[in-house]
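File shown: model-v5.csv. Contents: CSV, C-alpha atoms.
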```csv
chain,number,residue,atom,x,y,z
Q,1,MET,CA,-5.0,16.0,23.4
Q,2,LEU,CA,-4.9,15.1,19.7
Q,3,THR,CA,-8.3,15.4,17.9
Q,4,ALA,CA,-9.3,13.7,14.7
Q,5,ARG,CA,-9.2,17.1,13.0
Q,6,ASN,CA,-5.7,17.8,14.1
Q,7,LEU,CA,-4.6,14.3,12.9
Q,8,LEU,CA,-6.2,14.9,9.5
Q,9,LYS,CA,-4.5,18.3,9.2
Q,10,ALA,CA,-1.2,16.6,10.0
Q,11,SER,CA,-1.9,13.9,7.4
Q,12,LEU,CA,-2.4,16.6,4.7
Q,13,GLY,CA,1.0,18.1,5.5
Q,14,ILE,CA,-0.1,20.8,7.8
Q,15,GLY,CA,1.4,19.2,10.9
Q,16,SER,CA,5.1,19.6,11.6
Q,17,PHE,CA,5.7,15.9,11.9
Q,18,LEU,CA,4.9,15.2,8.2
Q,19,ARG,CA,6.5,18.1,6.5
Q,20,ALA,CA,9.8,16.4,5.9
Q,21,PRO,CA,10.2,13.1,3.9
Q,22,MET,CA,10.5,10.0,6.0
Q,23,VAL,CA,13.7,8.7,4.4
Q,24,GLU,CA,16.1,10.6,2.1
Q,25,ALA,CA,19.6,10.1,0.8
Q,26,GLN,CA,20.2,13.7,-0.1
Q,27,PRO,CA,18.4,17.0,1.0
Q,28,ARG,CA,15.8,18.1,-1.5
Q,29,ALA,CA,16.5,21.1,-3.6
Q,30,VAL,CA,14.3,24.1,-2.7
Q,31,SER,CA,12.5,24.0,-6.0
Q,32,ALA,CA,11.9,20.2,-5.9
Q,33,PRO,CA,8.2,19.4,-5.7
Q,34,GLN,CA,7.0,17.9,-2.5
Q,35,PRO,CA,5.7,14.3,-2.6
Q,36,VAL,CA,1.9,13.9,-3.0
Q,37,MET,CA,0.1,12.5,0.0
Q,38,VAL,CA,-1.3,9.1,-0.8
Q,39,PRO,CA,-3.8,7.4,1.5
Q,40,ILE,CA,-2.1,4.1,2.5
Q,41,ARG,CA,-4.2,1.8,4.6
Q,42,SER,CA,-3.1,-1.1,6.9
Q,43,ILE,CA,-4.3,-4.4,5.5
Q,44,GLY,CA,-5.8,-7.1,7.8
Q,45,PRO,CA,-6.7,-10.8,7.4
Q,46,ARG,CA,-10.1,-9.9,6.0
Q,47,GLU,CA,-8.4,-8.5,3.0
Q,48,ARG,CA,-6.9,-11.8,1.8
Q,49,GLU,CA,-9.3,-11.9,-1.2
Q,50,ARG,CA,-8.4,-8.5,-2.3
Q,51,ILE,CA,-4.7,-9.3,-1.9
Q,52,ALA,CA,-5.1,-12.5,-4.0
Q,53,ARG,CA,-7.0,-10.6,-6.7
Q,54,HIS,CA,-4.3,-7.9,-6.9
Q,55,LEU,CA,-1.4,-10.4,-7.1
Q,56,LEU,CA,-3.2,-12.8,-9.5
Q,57,ASP,CA,-3.9,-9.9,-11.8
Q,58,LEU,CA,-0.2,-9.2,-12.2
Q,59,THR,CA,1.4,-10.2,-15.5
Q,60,PRO,CA,3.8,-13.2,-15.5
Q,61,HIS,CA,6.7,-10.8,-15.8
Q,62,ASP,CA,5.5,-8.6,-12.9
Q,63,ARG,CA,5.0,-11.7,-10.8
Q,64,TYR,CA,8.6,-12.7,-11.7
Q,65,LEU,CA,9.9,-9.3,-10.5
Q,66,ARG,CA,7.8,-9.4,-7.3
Q,67,PHE,CA,8.6,-12.9,-6.1
Q,68,GLY,CA,11.9,-13.5,-7.9
Q,69,TYR,CA,10.5,-16.5,-9.9
Q,70,ALA,CA,7.7,-17.2,-12.3
Q,71,ALA,CA,5.0,-17.7,-9.7
Q,72,ALA,CA,2.0,-19.8,-10.8
Q,73,ASP,CA,-1.5,-19.1,-9.6
Q,74,GLU,CA,-1.2,-21.8,-7.0
Q,75,GLN,CA,2.0,-20.4,-5.6
Q,76,VAL,CA,0.6,-16.9,-5.4
Q,77,GLN,CA,-2.4,-18.3,-3.5
Q,78,ARG,CA,-0.2,-20.2,-1.1
Q,79,TYR,CA,1.7,-17.0,-0.4
Q,80,VAL,CA,-1.5,-15.2,0.3
Q,81,ASP,CA,-2.8,-18.0,2.6
Q,82,SER,CA,0.5,-18.0,4.5
Q,83,LEU,CA,0.6,-14.3,5.3
Q,84,ASP,CA,1.1,-13.7,9.0
Q,85,PHE,CA,-0.9,-10.6,9.9
Q,86,GLU,CA,0.1,-11.0,13.6
Q,87,ARG,CA,3.8,-10.7,12.9
Q,88,ASP,CA,4.1,-8.7,9.7
Q,89,GLU,CA,2.6,-5.5,8.4
Q,90,LEU,CA,0.8,-5.1,5.1
Q,91,PHE,CA,-0.2,-1.8,3.5
Q,92,GLY,CA,-2.4,-1.0,0.5
Q,93,ILE,CA,-3.5,1.7,-1.8
Q,94,TYR,CA,-7.1,1.5,-3.1
Q,95,ASN,CA,-8.9,3.2,-6.0
Q,96,ARG,CA,-12.4,4.6,-5.9
Q,97,ARG,CA,-13.9,1.2,-6.5
Q,98,LEU,CA,-12.0,-0.1,-3.4
Q,99,ASP,CA,-9.8,-2.3,-5.7
Q,100,LEU,CA,-6.3,-2.9,-4.2
Q,101,ILE,CA,-4.0,-1.3,-6.8
Q,102,ALA,CA,-0.7,-1.3,-4.9
Q,103,MET,CA,0.5,-3.2,-1.8
Q,104,ALA,CA,3.5,-3.6,0.4
Q,105,HIS,CA,4.6,-6.4,2.7
Q,106,LEU,CA,6.9,-5.5,5.6
Q,107,ALA,CA,8.1,-8.9,6.9
Q,108,PHE,CA,9.6,-8.9,10.3
Q,109,ALA,CA,12.2,-11.5,11.4
Q,110,PRO,CA,10.8,-14.5,13.3
Q,111,GLY,CA,11.2,-14.4,17.1
Q,112,ASP,CA,14.2,-16.8,17.1
Q,113,GLN,CA,16.1,-14.5,14.7
Q,114,HIS,CA,17.4,-11.0,14.7
Q,115,SER,CA,14.4,-9.0,15.9
Q,116,ASP,CA,15.8,-5.7,14.6
Q,117,CYS,CA,15.6,-6.7,10.9
Q,118,ALA,CA,12.8,-6.6,8.4
Q,119,GLU,CA,12.3,-7.1,4.6
Q,120,PHE,CA,10.3,-5.0,2.3
Q,121,GLY,CA,8.4,-6.1,-0.8
Q,122,VAL,CA,6.0,-4.2,-3.1
Q,123,SER,CA,3.7,-4.7,-6.1
Q,124,VAL,CA,1.8,-2.1,-8.2
Q,125,SER,CA,-0.9,-2.9,-10.7
Q,126,ALA,CA,0.1,-2.1,-14.3
Q,127,HIS,CA,-2.5,0.6,-14.8
Q,128,ALA,CA,-1.3,2.4,-11.6
Q,129,ARG,CA,2.4,2.7,-12.5
Q,130,GLY,CA,4.2,6.0,-12.7
Q,131,ARG,CA,2.5,7.7,-9.8
Q,132,GLY,CA,5.1,7.1,-7.2
Q,133,TYR,CA,3.1,4.5,-5.3
Q,134,GLY,CA,6.0,2.2,-4.7
Q,135,ALA,CA,8.1,5.0,-3.1
Q,136,ARG,CA,5.1,6.1,-0.9
Q,137,LEU,CA,4.6,2.6,0.3
Q,138,PHE,CA,8.3,2.3,1.1
Q,139,GLU,CA,8.2,5.5,3.1
Q,140,ARG,CA,5.2,4.2,5.1
Q,141,ALA,CA,7.0,0.9,5.7
Q,142,VAL,CA,10.1,2.8,7.0
Q,143,VAL,CA,8.0,4.7,9.5
Q,144,VAL,CA,6.4,1.6,10.8
Q,145,ALA,CA,9.7,-0.3,10.9
Q,146,ARG,CA,11.4,2.4,12.9
Q,147,ASN,CA,8.6,2.5,15.4
Q,148,GLU,CA,8.8,-1.3,15.8
Q,149,GLY,CA,12.5,-1.0,16.7
Q,150,VAL,CA,13.9,-2.2,13.3
Q,151,GLY,CA,17.4,-1.0,12.7
Q,152,MET,CA,18.1,-2.7,9.3
Q,153,LEU,CA,15.6,-2.9,6.4
Q,154,PHE,CA,16.4,-5.3,3.6
Q,155,ILE,CA,15.1,-5.4,0.0
Q,156,HIS,CA,15.8,-8.6,-2.0
Q,157,ALA,CA,15.1,-8.1,-5.7
Q,158,LEU,CA,16.2,-9.2,-9.1
Q,159,SER,CA,18.9,-7.0,-10.7
Q,160,GLU,CA,16.6,-6.2,-13.5
Q,161,ASN,CA,14.0,-4.8,-11.2
Q,162,ALA,CA,15.1,-1.2,-11.8
Q,163,ALA,CA,12.1,0.4,-10.2
Q,164,MET,CA,12.6,-1.3,-6.9
Q,165,LEU,CA,16.3,-0.7,-6.8
Q,166,LYS,CA,15.7,3.0,-7.6
Q,167,ILE,CA,13.4,3.3,-4.6
Q,168,ALA,CA,16.1,1.8,-2.4
Q,169,ARG,CA,18.9,4.0,-3.8
Q,170,ASN,CA,16.9,7.1,-3.5
Q,171,ALA,CA,16.3,6.3,0.2
Q,172,GLY,CA,20.1,6.0,0.7
Q,173,ALA,CA,20.2,2.2,0.8
Q,174,THR,CA,23.4,0.3,-0.1
Q,175,VAL,CA,22.7,-2.0,-3.1
Q,176,VAL,CA,24.9,-5.1,-3.7
Q,177,ARG,CA,24.5,-7.0,-6.9
Q,178,SER,CA,25.2,-10.7,-7.2
Q,179,GLY,CA,24.5,-12.0,-10.7
Q,180,ALA,CA,20.8,-11.9,-11.5
Q,181,GLU,CA,19.9,-10.8,-7.9
Q,182,ALA,CA,20.5,-7.8,-5.8
Q,183,GLU,CA,20.1,-7.0,-2.2
Q,184,ALA,CA,19.7,-3.5,-0.6
Q,185,HIS,CA,20.0,-2.7,3.0
Q,186,LEU,CA,19.1,0.5,4.7
Q,187,GLU,CA,20.0,1.5,8.3
Q,188,LEU,CA,17.1,3.1,10.1
Q,189,PRO,CA,17.3,5.7,12.8
Q,190,SER,CA,15.6,5.1,16.1
Q,191,ALA,CA,12.0,6.0,16.6
Q,192,THR,CA,11.1,9.5,17.6
Q,193,PHE,CA,8.0,11.4,18.7
Q,194,ASP,CA,7.7,12.6,15.1
Q,195,SER,CA,7.9,9.1,13.6
Q,196,ARG,CA,5.3,7.8,16.0
Q,197,MET,CA,2.9,10.7,15.3
Q,198,SER,CA,3.5,10.3,11.6
Q,199,GLU,CA,2.3,6.7,11.8
Q,200,ILE,CA,-0.9,7.7,13.7
Q,201,ALA,CA,-1.7,10.5,11.3
Q,202,LEU,CA,-1.0,8.5,8.2
Q,203,GLU,CA,-3.3,5.7,9.4
Q,204,HIS,CA,-6.0,8.1,10.3
Q,205,TYR,CA,-5.8,9.8,6.9
Q,206,ALA,CA,-6.1,6.4,5.2
Q,207,ALA,CA,-9.0,5.3,7.3
Q,208,VAL,CA,-11.0,8.5,6.6
Q,209,ASP,CA,-10.2,8.1,2.8
Q,210,PHE,CA,-11.3,4.5,2.8
Q,211,ALA,CA,-14.5,5.3,4.7
Q,212,LEU,CA,-15.4,8.0,2.2
Q,213,LYS,CA,-14.7,5.7,-0.8
Q,214,SER,CA,-16.9,3.0,0.8
Q,215,ARG,CA,-19.8,5.4,1.3
Q,216,ALA,CA,-19.4,6.7,-2.3
Q,217,LYS,CA,-19.4,3.1,-3.6
Q,218,GLN,CA,-22.5,2.2,-1.7
Q,219,PHE,CA,-24.2,5.3,-2.9
Q,220,TRP,CA,-23.5,4.7,-6.6
Q,221,THR,CA,-24.4,1.0,-6.2
Q,222,PHE,CA,-27.8,2.1,-4.8
Q,223,LEU,CA,-28.3,4.5,-7.7
Q,224,ALA,CA,-27.5,1.8,-10.2
Q,225,SER,CA,-29.9,-0.6,-8.6
Q,226,LEU,CA,-32.6,2.1,-8.5
Q,227,GLN,CA,-32.0,2.8,-12.2
Q,228,GLU,CA,-32.4,-0.9,-13.0
Q,229,VAL,CA,-35.7,-0.9,-11.1
Q,230,ARG,CA,-36.9,2.2,-13.0
Q,231,SER,CA,-35.8,0.7,-16.3
Q,232,GLY,CA,-37.7,-2.6,-15.5
Q,233,MET,CA,-40.8,-0.6,-14.6
Q,234,ARG,CA,-40.7,1.3,-17.9
Q,235,ASP,CA,-40.2,-1.9,-19.9
Q,236,ALA,CA,-43.1,-3.5,-18.1
Q,237,ARG,CA,-45.4,-0.5,-18.9
Q,238,ARG,CA,-44.4,-0.6,-22.5
Q,239,LYS,CA,-45.2,-4.3,-22.7
Q,240,SER,CA,-48.6,-3.9,-21.0
Q,241,ALA,CA,-49.6,-0.9,-23.0
Q,242,PRO,CA,-52.3,-1.6,-25.7
```
Could you quickly redo this structure as structure tokens?
Amino acid sequence: MLTARNLLKASLGIGSFLRAPMVEAQPRAVSAPQPVMVPIRSIGPRERERIARHLLDLTPHDRYLRFGYAAADEQVQRYVDSLDFERDELFGIYNRRLDLIAMAHLAFAPGDQHSDCAEFGVSVSAHARGRGYGARLFERAVVVARNEGVGMLFIHALSENAAMLKIARNAGATVVRSGAEAEAHLELPSATFDSRMSEIALEHYAAVDFALKSRAKQFWTFLASLQEVRSGMRDARRKSAP
């Protein structure tokens, strides 16, 4: 029986099913550094406000790269409101203040279309770039897609979106350019015991991380309010002093 301790150990890279990268075009060199574990949490419908805040904070150019057009605030909000959490999967990376700083949307095909296809989209806040969050979110999406029976993962991006296309190429995807747009597709292997255990361990790791960050935030908020009370009492004593 798998205990929480065993799952957390696996999430930190101790377990056998997380030692190898999820998707890889070429074998890693022996001297190549291993990817850093990043807690990636599944996002539910109660997170719509955080999703909207993250996307609305993107610069106009970043919105253009994410959506393929210059999305206005109203269009971004409509996208957030239309998210189908029953059908699709969304993942997020949070900072210590529980702000959503990177998120991915794994959109599955509707029931009346090819059920073995899905599309991947990602966005990362400007101040969180350069940490490999996009690649980590892609790896997480691949694990979930495999376990859901997806055989083909698509990425539709603008040709100038070099970061997104690099992630796709590094994973071994085939990229086809057509003018200002590009489409990448990656054939996924079938789900295995390792891929299923990886998804469980990764979700558990993210849940523990989020819980710790929540407690820390509550603690620091309490200390801040306590400090305000103390400051108010000192001010009141000064004013009442003869």
Next item on the list: Quick one: pull the distance between CA of Ile200 in chain Q and CA of Asn147 in chain Q, Å, one decimal.
Entry: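 About the pair CA of Ile200 in chain Q and CA of Asn147 in chain Q: they are 11.0 Å apart.
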Margin query: From (12.2, -9.1, 3.6), in the file's coordinates, out to 10 Å: which residues are reached, counting all atoms listed in the file? Answer as a PyMOL selection string.
Written below: chain Q and resi 105-109+117-121+153-157
Next item on the list: Point out the residue among Q:Ser115, Q:Ser195, Q:Asn95, Q:Asn161 with the least atom-to-atom distance to Glu139 in chain Q, counting all atoms listed in the file.
Entry: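 When distances to Glu139 in chain Q are compared using all atoms listed in the file, the smallest one comes from Q:Ser195.
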Check: CA of Leu188 in chain Q and CA of Arg136 in chain Q are how many Å apart?
Finding: 16.6 Å
Can I get the residues of range 92-186 of chain Q within 7 Å of range 211-218 of chain Q, each with the closest pair of atoms and their distance in Å to one decimal, using all atoms listed in the file, sorted chain first then ascending number, as a Markdown table?
```
| residue | atom | partner | partner_atom | distance |
| --- | --- | --- | --- | --- |
| Q:Arg96 | CA | Q:Lys213 | CA | 5.7 |
| Q:Arg97 | CA | Q:Lys217 | CA | 6.5 |
| Q:Leu98 | CA | Q:Lys213 | CA | 6.9 |
```
Checklist line | Top pick for closest residue to Leu65 in chain Q, considering Q:Glu89, Q:Phe193, Q:Glu160, Q:Phe210 and counting all atoms listed in the file | finding: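 Nearest to Leu65 in chain Q: Q:Glu160.
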Margin query: Calculated over only C-alpha atoms, which of the candidates Q:Ala182, Q:Ile101, Q:Ala173, Q:Ala163 has the smallest distance to Val142 in chain Q?
Written below: Q:Ala173
All residues 9 Å or closer to His54 in chain Q, all atoms listed in the file, same chain fewer than 5 positions away omitted, as a PDB file with C-alpha atoms, in the frame of the given file:
```pdb
ATOM      1  CA  GLU Q  49      -9.300 -11.900  -1.200  1.00  0.00           C
ATOM      2  CA  ASP Q  99      -9.800  -2.300  -5.700  1.00  0.00           C
ATOM      3  CA  LEU Q 100      -6.300  -2.900  -4.200  1.00  0.00           C
ATOM      4  CA  ILE Q 101      -4.000  -1.300  -6.800  1.00  0.00           C
ATOM      5  CA  ALA Q 102      -0.700  -1.300  -4.900  1.00  0.00           C
ATOM      6  CA  MET Q 103       0.500  -3.200  -1.800  1.00  0.00           C
ATOM      7  CA  SER Q 123       3.700  -4.700  -6.100  1.00  0.00           C
ATOM      8  CA  VAL Q 124       1.800  -2.100  -8.200  1.00  0.00           C
ATOM      9  CA  SER Q 125      -0.900  -2.900 -10.700  1.00  0.00           C
TER      10      SER Q 125
END
```
